[in-house]
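Below is one structure, written out as structure tokens, with a few remarks after it.
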Amino acid sequence: MRTVVLRRCLGLAPAPVRVALPPSRGFCGRQAGGGAAAAAARKITENAKKSLASLKRENPRLEPTLAIIQAHNDHLIQDINKNFAKEVGLRVIHICLPEGSSKDEIVDEIVRLNEDPNVQGLALDLPESLYSSKVLNAVKPEKDVDGLSDVNLGRLVRGDAYDCLVPPAVSAVMELLEDLGGKTVLLVGAGGAVGAALQCLLQREGAATMSCRWKAPQLRTKLHQADVVVVGSRKPDDVPVSWIKPGTTIISCSPDLLSEKHNYGQQNNHAAENAVGSLAIAMRMQNMVKNTERWIQSQQYRKWDLRCLKLQPLSPVPSDIEISRAQSPKAVDVLAKEIGLLTDEIEIYGQTKAKVRLSLLERLKDQPDGKYVLVAGITPTPLGEGKSTVTIGLVQALTAHLNVNSFACLRQPSQGPTFGVKGGAAGGGYAQVIPMEERLGINKTDPGTLTEEEISKFARLDIDPSTITWQRVVDTNDRFLRKITVGQAKTEKGFVRQAQFDIAVASEIMAILALTTSLQDMKERLGRMVVANDKKGEPVTAEDLGVTGALAVLMKDAIKPTLMQTLEGTPVFVHAGPFANIAHGNSSVLADKIALKLVGEKGFVVTEAGFGADIGMEKFFNIKCRASGLVPSVVVLVATVRALKMHGGGPNVTAGAPLKKEYTEENLQLVADGCCNLQKQIQITQLFGVPVVVALNVFKTDSPAEVDLVCKIAKQSGAFDAVPCNHWSAGGKGAVKLAQAVEKAASQKNSFKYLYSLELPIVEKIRIIAQKVYGAQDIELSPAAQSQVDRYTQQGFGNLPICMAKTHLSLSHQPERKGVPTGFILPISEVRASIGAGFIYPLVGTMSTMPGLPTRPCFYDIDLDSVTEQVKGLF
């Protein structure tokens, strides 16, 4: 041992106190008296600097930021923190709150910084009276650089060295003490997290620890017994130096150890105390580098730790709403954490829904995508054949039963089908989602100098009313809104014109939402929307009208996919909802892109295209895949014996009417005859070079022979596999064989290609779809449609893909023609242009963009219990 003079600023003596220190350590602000502390601070700083430099080399855009909340006017602490941070390579921001700030004001600032994704670490420099549990525990554990929260302390006590951080003041004390075995260490005025952490680490080093308050009667006795005294708070003036035995090592870890406010009686003592404080601040920067490393790791993809929910299927199968209410979903924040989402990447809406922020795409940009599976179908009956149910059953099977990461991406259910004919595109039975700116080119500032042309640009109002193509929308069916007259009020000054309503899912804004790839892309698409022509025949856009910014504001939350879950607790994105017969019929590109990153390279994202493969799937490939750049791995083609019998010549299937006996009794001939539609839809899929797996959605009235026949014909027709599924009655367990078939098909060679080149004329692209997909002999454009095509071509919109608006009930334009119609001429009555969405939009025959209702709409069965507020009648 060697003896050095330790000039303390604790006020313990009016003259220097001689203390014993270990041979290799010192505790003083000057090299002569305690250069080891300064040397230790330099070494720690240098190591932290090297570690951070290495992290920055691997992450070039990394700018780790430490936020320090300060509630006093001491600039010395700011300067020392900034100097150490600059040396290490860290960015430090000081939030200087006024003296006298309350704990609630401190907590408010902490909460704000907790949610700031640009801040990786948070530290507190506060008056001692503000270090309460409420304040310390307000700091998120992952940002807690000073390690003072209960969560961090618990990890420290348990010995979880990797998951915890040692408080900097505690690290500094331990750095200055050696050979503690058998020694007695007294902690005076050191309580809370610092005191607990000190006792834990001292005892691990073999020291016997005692603790005492400054005003405790036994303080004098304990001071005489101690070999080391660690002071955690300022010493009262009435504690004399004579109470401390000679040779005692005295160290302070008081939160205000750098403060210049205290009069410690010795001019030179302040420098000594700075050395101790500097060591603690060096430790703080070291902790910040560790935090940064963990933050980088948290940003990277990690394997899911998903707890799936158990199902207990009942027979007979209850209604969808009863099944949904019988299951207790996980809290959505729990689900989000299980699949690797960070807390600052979700916005929670209630207990079971959350919006996912697009920042995730940047975080996981280097993560390989999973396999991309599309669920399509044969030409359906008016009742629908269960594509959404297959989608949900498939992901439940993959994740809950085969332990493969999978994500379902579905469209937002529209009120149209929900209140009208059928379900809301969210699955059913035991396979469902729960719970049910301007640019004018004018730089002049004096209006008097504007030319007529510039005035015209500025006014933007030289619109030809007869060319207005922008329609109003409503999200429920109303056939009386198919044609309306607007502008009849006296205030409209005679601008009366005929207009119409579309259903919301046919709106171009809905298509933009589904096809956009970023917020900036959405703004650009919204601005490009053509709403009319001016009197010179030039297109007038939303940007010309100056409403792009306002539109973007309205859509700023809608652009974020909504996270939900299946009955078995597997993740689902519900986002965007364009119909497939009158729009492009697919959920959003953004949901798919995010899900593909989250599932990982070996995972699966299963998304659904509306109606038959001739409509939704064709648009998925030619429009959505072009917009996203994503390449599909497999197509799952959904069929039912019921629909095949209809295509084989069975009687009409009408919503709300009982099924005829042909559909409830075995009839192999009807099935065989109707398989022509299944074969045609398989051929359509093969046009795009993607392997297809047929999923036969089995009903209880289907006989084994009918099921076997369909699977046999599907395989003979070129399907990779054909699998009967019982997910509606059994959940994911009933789709395990389908999941296994999809896994195998996804490993096959994929030669995906588009159906047509965008460089072809508009009419030729329409013809290719009509002939190769629908089986038409040719197409016929009405004079109005031809005029519209000519205008769009002249305006420079000819190189866009085609989005056909056609009935979903037949491969042709005539709903009553079942099976595989041939030799027909496809009539094009009108051609619209969705320039913002990015496609030309031909209307086939009498196709309407505002659906009507059936004879007995579903809304007759929908009701609200006024006591429980539960919805009844949904299915």
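Every chain in the structure tokens has a letter given in the order shown (A, B, ...), and although residue numbers restart at 1 in each chain, ligands are simply numbered from 1 in the order shown.
Residues surrounding Gly648 in chain A within 8 Å are A:Gln669, A:Leu670, A:Val671, A:Ala672, A:Asp673, A:Gly674, A:Cys675, A:Cys676, A:Lys818, A:Gly819 [only C-alpha atoms; sequence separation below 5 positions excluded].
Neighbouring residues of Glu608 in chain A at 8 Å or closer, counting only C-alpha atoms and skipping chain neighbours under 3 positions away, are A:Leu374, A:Val375, A:Ala376, A:Lys387, A:Ser388, A:Thr391, A:Cys409, A:Leu410, A:Arg411, A:Asn586, A:Ser587.
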Would you mind exporting all heavy atoms of the selected residues as a compact mmCIF listing (two decimals), in the first residue's frame?
# COMPACT_ATOMS: atom_id res chain seq x y z
N LEU A 374 -49.67 -15.67 -53.50
CA LEU A 374 -50.93 -15.03 -53.87
C LEU A 374 -52.04 -16.06 -53.82
O LEU A 374 -51.94 -17.14 -54.39
CB LEU A 374 -50.86 -14.44 -55.27
CG LEU A 374 -52.18 -13.85 -55.79
CD1 LEU A 374 -52.54 -12.60 -55.01
CD2 LEU A 374 -52.12 -13.57 -57.28
N VAL A 375 -53.14 -15.71 -53.16
CA VAL A 375 -54.33 -16.54 -53.16
C VAL A 375 -55.33 -15.94 -54.14
O VAL A 375 -55.76 -14.79 -53.99
CB VAL A 375 -54.95 -16.64 -51.76
CG1 VAL A 375 -56.26 -17.41 -51.81
CG2 VAL A 375 -53.98 -17.32 -50.80
N ALA A 376 -55.66 -16.70 -55.18
CA ALA A 376 -56.65 -16.29 -56.17
C ALA A 376 -57.75 -17.34 -56.19
O ALA A 376 -57.85 -18.16 -55.27
CB ALA A 376 -56.00 -16.13 -57.55
N LYS A 387 -61.70 -17.36 -50.52
CA LYS A 387 -60.27 -17.04 -50.67
C LYS A 387 -59.69 -16.44 -49.39
O LYS A 387 -58.58 -16.78 -48.99
CB LYS A 387 -60.07 -16.07 -51.83
CG LYS A 387 -60.29 -16.67 -53.20
CD LYS A 387 -59.82 -15.76 -54.31
CE LYS A 387 -60.37 -14.36 -54.18
NZ LYS A 387 -61.85 -14.33 -54.20
N SER A 388 -60.44 -15.54 -48.77
CA SER A 388 -59.95 -14.93 -47.53
C SER A 388 -59.79 -15.99 -46.44
O SER A 388 -58.83 -15.97 -45.67
CB SER A 388 -60.91 -13.84 -47.06
OG SER A 388 -61.05 -12.83 -48.03
N THR A 391 -56.74 -17.91 -47.16
CA THR A 391 -55.56 -17.09 -46.81
C THR A 391 -55.27 -17.19 -45.32
O THR A 391 -54.13 -17.43 -44.91
CB THR A 391 -55.80 -15.62 -47.22
OG1 THR A 391 -56.03 -15.56 -48.62
CG2 THR A 391 -54.60 -14.77 -46.85
N CYS A 409 -51.80 -10.74 -45.61
CA CYS A 409 -52.06 -9.35 -45.99
C CYS A 409 -53.39 -9.29 -46.71
O CYS A 409 -53.55 -9.83 -47.81
CB CYS A 409 -50.94 -8.82 -46.88
SG CYS A 409 -49.36 -8.62 -46.02
N LEU A 410 -54.36 -8.66 -46.09
CA LEU A 410 -55.73 -8.61 -46.60
C LEU A 410 -56.17 -7.18 -46.87
O LEU A 410 -55.62 -6.23 -46.30
CB LEU A 410 -56.70 -9.26 -45.61
CG LEU A 410 -56.48 -10.73 -45.29
CD1 LEU A 410 -57.48 -11.16 -44.22
CD2 LEU A 410 -56.65 -11.58 -46.53
N ARG A 411 -57.22 -7.07 -47.69
CA ARG A 411 -57.82 -5.76 -47.92
C ARG A 411 -58.73 -5.38 -46.74
O ARG A 411 -59.22 -6.23 -46.02
CB ARG A 411 -58.65 -5.77 -49.21
CG ARG A 411 -57.82 -5.81 -50.47
CD ARG A 411 -58.68 -6.01 -51.69
NE ARG A 411 -59.31 -7.32 -51.70
CZ ARG A 411 -60.34 -7.63 -52.48
NH1 ARG A 411 -60.86 -6.73 -53.28
NH2 ARG A 411 -60.85 -8.85 -52.45
N ASN A 586 -56.53 -5.59 -54.89
CA ASN A 586 -55.47 -6.15 -54.06
C ASN A 586 -55.17 -5.24 -52.87
O ASN A 586 -55.35 -4.03 -52.96
CB ASN A 586 -54.19 -6.34 -54.87
CG ASN A 586 -54.31 -7.46 -55.88
OD1 ASN A 586 -54.02 -8.60 -55.59
ND2 ASN A 586 -54.74 -7.13 -57.10
N SER A 587 -54.71 -5.84 -51.78
CA SER A 587 -54.32 -5.05 -50.62
C SER A 587 -53.02 -4.31 -50.93
O SER A 587 -52.48 -4.40 -52.03
CB SER A 587 -54.15 -5.95 -49.38
OG SER A 587 -53.13 -6.89 -49.58
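When only C-alpha atoms are used to compute distances to Ala746 in chain A, the closest of the residues A:Gln78, A:Gln520, A:Tyr372, A:Asp614 turns out to be A:Tyr372.
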DSSP strand (DSSP E or B) residues within range 629-829 of chain A, listed as a PyMOL selection string = chain A and resi 634-639+692-697+721-725+778-781+802+805+825-829
Mind checking which residues fall within 12 Å of Val692 in chain A, counting only C-alpha atoms, ignoring those fewer than 3 positions away in the same chain, and posting them as a PyMOL selection string?
-> chain A and resi 373-377+613+617+632-638+678-679+681-689+695+714-715+717-723+738+741-746+748-750+752
Pick out each residue of range 574-620 of chain A that DSSP on the backbone tags as alpha helix (DSSP H); I need them as a PyMOL selection string.
-> chain A and resi 589-599+618-619
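Those residues that approach Val473 in chain A to within 7 Å, counting only C-alpha atoms, are Phe501, Asp502, Ile503, Ala504 and Ser507 of chain A; same-chain residues fewer than 3 positions away are not listed.
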N, CA, C and O atoms of the current selection, written as a PDB file, in the first residue's frame:
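Result file is again.pdb:
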ATOM      1  N   PHE A 501     -71.870   8.963 -58.302  1.00  0.00           N
ATOM      2  CA  PHE A 501     -71.104   8.469 -57.167  1.00  0.00           C
ATOM      3  C   PHE A 501     -70.504   7.103 -57.541  1.00  0.00           C
ATOM      4  O   PHE A 501     -71.118   6.320 -58.265  1.00  0.00           O
ATOM      5  N   ASP A 502     -69.310   6.832 -57.039  1.00  0.00           N
ATOM      6  CA  ASP A 502     -68.728   5.489 -57.070  1.00  0.00           C
ATOM      7  C   ASP A 502     -68.695   4.965 -55.643  1.00  0.00           C
ATOM      8  O   ASP A 502     -68.743   5.749 -54.678  1.00  0.00           O
ATOM      9  N   ILE A 503     -68.612   3.662 -55.508  1.00  0.00           N
ATOM     10  CA  ILE A 503     -68.361   3.124 -54.179  1.00  0.00           C
ATOM     11  C   ILE A 503     -66.905   3.413 -53.824  1.00  0.00           C
ATOM     12  O   ILE A 503     -66.030   3.452 -54.701  1.00  0.00           O
ATOM     13  N   ALA A 504     -66.634   3.687 -52.548  1.00  0.00           N
ATOM     14  CA  ALA A 504     -65.315   4.182 -52.125  1.00  0.00           C
ATOM     15  C   ALA A 504     -64.180   3.281 -52.587  1.00  0.00           C
ATOM     16  O   ALA A 504     -63.087   3.743 -52.907  1.00  0.00           O
ATOM     17  N   SER A 507     -62.605   4.210 -55.819  1.00  0.00           N
ATOM     18  CA  SER A 507     -61.957   5.524 -55.901  1.00  0.00           C
ATOM     19  C   SER A 507     -60.485   5.392 -56.257  1.00  0.00           C
ATOM     20  O   SER A 507     -59.795   4.472 -55.835  1.00  0.00           O
TER      21      SER A 507
END
CA of Ser324 in chain A to CA of Gln870 in chain A, distance in Å rounded to a single decimal = 12.2 Å
Could you name the residues that touch range 172-188 of chain A at 7 Å or less, counting only C-alpha atoms, but leaving out those on the same chain fewer than 4 positions away, as a list in words?
-> Pro22, Arg25, Gly26, Phe27, Ala37, Pro168, Glu205, Gly206, Ala207, Ala208, Thr209, Met210, Ser211, Cys212, Arg213, Trp214, Ala226, Asp227, Val228, Val229, Val230, Val231, Gly232, Leu279, Ala280 and Met283 of chain A
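Reported to one decimal place, the separation of CA of His808 in chain A from CA of Leu526 in chain A is 28.2 Å.
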Could you work out how far CA of Leu809 in chain A lies from CA of Thr640 in chain A, giving the answer in Å with one decimal?
-> 14.5 Å
Which one is closest to Gly734 in chain A: A:Gly600, A:Cys625, A:Pro761, A:Leu398? Count only C-alpha atoms.
-> A:Leu398
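You can rank A:Leu519, A:Ala805, A:Val606, A:Val194 by their closest distance to Thr389 in chain A using only C-alpha atoms, and at the top of that list sits A:Val606.
Those residues that approach range 810-814 of chain A to within 9 Å, counting only C-alpha atoms, are Thr379, Pro380, Gly612, Asp614, Ile615, Asn677, Ala770, Val773, Tyr774, Gly775, Ala776, Lys806, Thr807, His808, Glu816, Arg817, Lys818, Gly819, Val820, Pro821, Thr822, Phe824, Ile825, Leu826, Pro827, Val844, Gly845, Thr846 and Met847 of chain A; same-chain residues fewer than 2 positions away are not listed.
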Expected file: the selected residues, N, CA and C atoms, as a PDB file, in the first residue's frame:
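Final output, part-v4.pdb:
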ATOM      1  N   THR A 379     -63.749 -18.705 -61.057  1.00  0.00           N
ATOM      2  CA  THR A 379     -64.896 -17.800 -61.141  1.00  0.00           C
ATOM      3  C   THR A 379     -65.907 -18.189 -60.059  1.00  0.00           C
ATOM      4  N   PRO A 380     -66.254 -17.264 -59.169  1.00  0.00           N
ATOM      5  CA  PRO A 380     -67.039 -17.630 -57.989  1.00  0.00           C
ATOM      6  C   PRO A 380     -68.541 -17.591 -58.224  1.00  0.00           C
ATOM      7  N   GLY A 612     -62.000 -13.955 -59.201  1.00  0.00           N
ATOM      8  CA  GLY A 612     -61.298 -15.014 -59.917  1.00  0.00           C
ATOM      9  C   GLY A 612     -59.917 -14.593 -60.393  1.00  0.00           C
ATOM     10  N   ASP A 614     -58.928 -14.485 -63.309  1.00  0.00           N
ATOM     11  CA  ASP A 614     -59.039 -13.666 -64.512  1.00  0.00           C
ATOM     12  C   ASP A 614     -59.094 -12.176 -64.193  1.00  0.00           C
ATOM     13  N   ILE A 615     -59.478 -11.831 -62.965  1.00  0.00           N
ATOM     14  CA  ILE A 615     -59.578 -10.411 -62.596  1.00  0.00           C
ATOM     15  C   ILE A 615     -58.496 -10.038 -61.583  1.00  0.00           C
ATOM     16  N   ASN A 677     -63.705 -24.650 -65.827  1.00  0.00           N
ATOM     17  CA  ASN A 677     -63.371 -23.312 -65.314  1.00  0.00           C
ATOM     18  C   ASN A 677     -62.100 -23.350 -64.484  1.00  0.00           C
ATOM     19  N   ALA A 770     -58.234  -9.526 -73.054  1.00  0.00           N
ATOM     20  CA  ALA A 770     -59.521 -10.103 -73.447  1.00  0.00           C
ATOM     21  C   ALA A 770     -59.344 -11.472 -74.091  1.00  0.00           C
ATOM     22  N   VAL A 773     -56.719 -13.988 -71.510  1.00  0.00           N
ATOM     23  CA  VAL A 773     -57.231 -14.259 -70.167  1.00  0.00           C
ATOM     24  C   VAL A 773     -58.701 -14.646 -70.203  1.00  0.00           C
ATOM     25  N   TYR A 774     -59.538 -13.816 -70.823  1.00  0.00           N
ATOM     26  CA  TYR A 774     -60.969 -14.078 -70.801  1.00  0.00           C
ATOM     27  C   TYR A 774     -61.401 -15.110 -71.843  1.00  0.00           C
ATOM     28  N   GLY A 775     -60.601 -15.249 -72.920  1.00  0.00           N
ATOM     29  CA  GLY A 775     -60.991 -16.163 -73.987  1.00  0.00           C
ATOM     30  C   GLY A 775     -61.868 -15.525 -75.037  1.00  0.00           C
ATOM     31  N   ALA A 776     -61.896 -14.211 -75.135  1.00  0.00           N
ATOM     32  CA  ALA A 776     -62.718 -13.508 -76.116  1.00  0.00           C
ATOM     33  C   ALA A 776     -62.141 -13.675 -77.520  1.00  0.00           C
ATOM     34  N   LYS A 806     -64.802  -5.426 -64.929  1.00  0.00           N
ATOM     35  CA  LYS A 806     -65.597  -6.485 -65.557  1.00  0.00           C
ATOM     36  C   LYS A 806     -66.303  -7.306 -64.489  1.00  0.00           C
ATOM     37  N   THR A 807     -67.405  -7.881 -64.851  1.00  0.00           N
ATOM     38  CA  THR A 807     -68.095  -8.737 -63.890  1.00  0.00           C
ATOM     39  C   THR A 807     -67.188  -9.862 -63.405  1.00  0.00           C
ATOM     40  N   HIS A 808     -67.346 -10.203 -62.142  1.00  0.00           N
ATOM     41  CA  HIS A 808     -66.558 -11.294 -61.554  1.00  0.00           C
ATOM     42  C   HIS A 808     -67.265 -12.630 -61.674  1.00  0.00           C
ATOM     43  N   GLU A 816     -74.223 -14.322 -66.650  1.00  0.00           N
ATOM     44  CA  GLU A 816     -74.934 -15.596 -66.735  1.00  0.00           C
ATOM     45  C   GLU A 816     -74.157 -16.665 -67.488  1.00  0.00           C
ATOM     46  N   ARG A 817     -73.103 -16.304 -68.210  1.00  0.00           N
ATOM     47  CA  ARG A 817     -72.338 -17.290 -68.984  1.00  0.00           C
ATOM     48  C   ARG A 817     -71.277 -17.929 -68.093  1.00  0.00           C
ATOM     49  N   LYS A 818     -71.512 -19.166 -67.731  1.00  0.00           N
ATOM     50  CA  LYS A 818     -70.626 -19.869 -66.803  1.00  0.00           C
ATOM     51  C   LYS A 818     -69.648 -20.759 -67.571  1.00  0.00           C
ATOM     52  N   GLY A 819     -68.863 -21.512 -66.835  1.00  0.00           N
ATOM     53  CA  GLY A 819     -67.888 -22.409 -67.450  1.00  0.00           C
ATOM     54  C   GLY A 819     -66.776 -21.630 -68.102  1.00  0.00           C
ATOM     55  N   VAL A 820     -66.521 -21.921 -69.399  1.00  0.00           N
ATOM     56  CA  VAL A 820     -65.470 -21.234 -70.158  1.00  0.00           C
ATOM     57  C   VAL A 820     -66.071 -20.730 -71.464  1.00  0.00           C
ATOM     58  N   PRO A 821     -66.700 -19.549 -71.464  1.00  0.00           N
ATOM     59  CA  PRO A 821     -67.289 -19.005 -72.691  1.00  0.00           C
ATOM     60  C   PRO A 821     -66.216 -18.734 -73.749  1.00  0.00           C
ATOM     61  N   THR A 822     -66.557 -18.897 -75.005  1.00  0.00           N
ATOM     62  CA  THR A 822     -65.621 -18.613 -76.101  1.00  0.00           C
ATOM     63  C   THR A 822     -66.368 -17.913 -77.225  1.00  0.00           C
ATOM     64  N   PHE A 824     -66.859 -14.866 -78.007  1.00  0.00           N
ATOM     65  CA  PHE A 824     -67.616 -13.634 -77.748  1.00  0.00           C
ATOM     66  C   PHE A 824     -66.766 -12.390 -78.044  1.00  0.00           C
ATOM     67  N   ILE A 825     -67.423 -11.308 -78.347  1.00  0.00           N
ATOM     68  CA  ILE A 825     -66.777 -10.012 -78.556  1.00  0.00           C
ATOM     69  C   ILE A 825     -66.920  -9.223 -77.261  1.00  0.00           C
ATOM     70  N   LEU A 826     -65.802  -8.779 -76.693  1.00  0.00           N
ATOM     71  CA  LEU A 826     -65.828  -8.056 -75.410  1.00  0.00           C
ATOM     72  C   LEU A 826     -66.073  -6.569 -75.661  1.00  0.00           C
ATOM     73  N   PRO A 827     -67.219  -6.035 -75.232  1.00  0.00           N
ATOM     74  CA  PRO A 827     -67.531  -4.617 -75.478  1.00  0.00           C
ATOM     75  C   PRO A 827     -66.900  -3.700 -74.427  1.00  0.00           C
ATOM     76  N   VAL A 844     -66.109  -2.630 -68.987  1.00  0.00           N
ATOM     77  CA  VAL A 844     -66.593  -3.647 -69.908  1.00  0.00           C
ATOM     78  C   VAL A 844     -68.116  -3.711 -69.846  1.00  0.00           C
ATOM     79  N   GLY A 845     -68.756  -3.545 -70.999  1.00  0.00           N
ATOM     80  CA  GLY A 845     -70.212  -3.664 -71.068  1.00  0.00           C
ATOM     81  C   GLY A 845     -70.924  -2.686 -70.165  1.00  0.00           C
ATOM     82  N   THR A 846     -71.848  -3.226 -69.386  1.00  0.00           N
ATOM     83  CA  THR A 846     -72.667  -2.377 -68.504  1.00  0.00           C
ATOM     84  C   THR A 846     -72.113  -2.336 -67.092  1.00  0.00           C
ATOM     85  N   MET A 847     -70.855  -2.661 -66.922  1.00  0.00           N
ATOM     86  CA  MET A 847     -70.255  -2.705 -65.584  1.00  0.00           C
ATOM     87  C   MET A 847     -70.403  -1.368 -64.871  1.00  0.00           C
TER      88      MET A 847
END
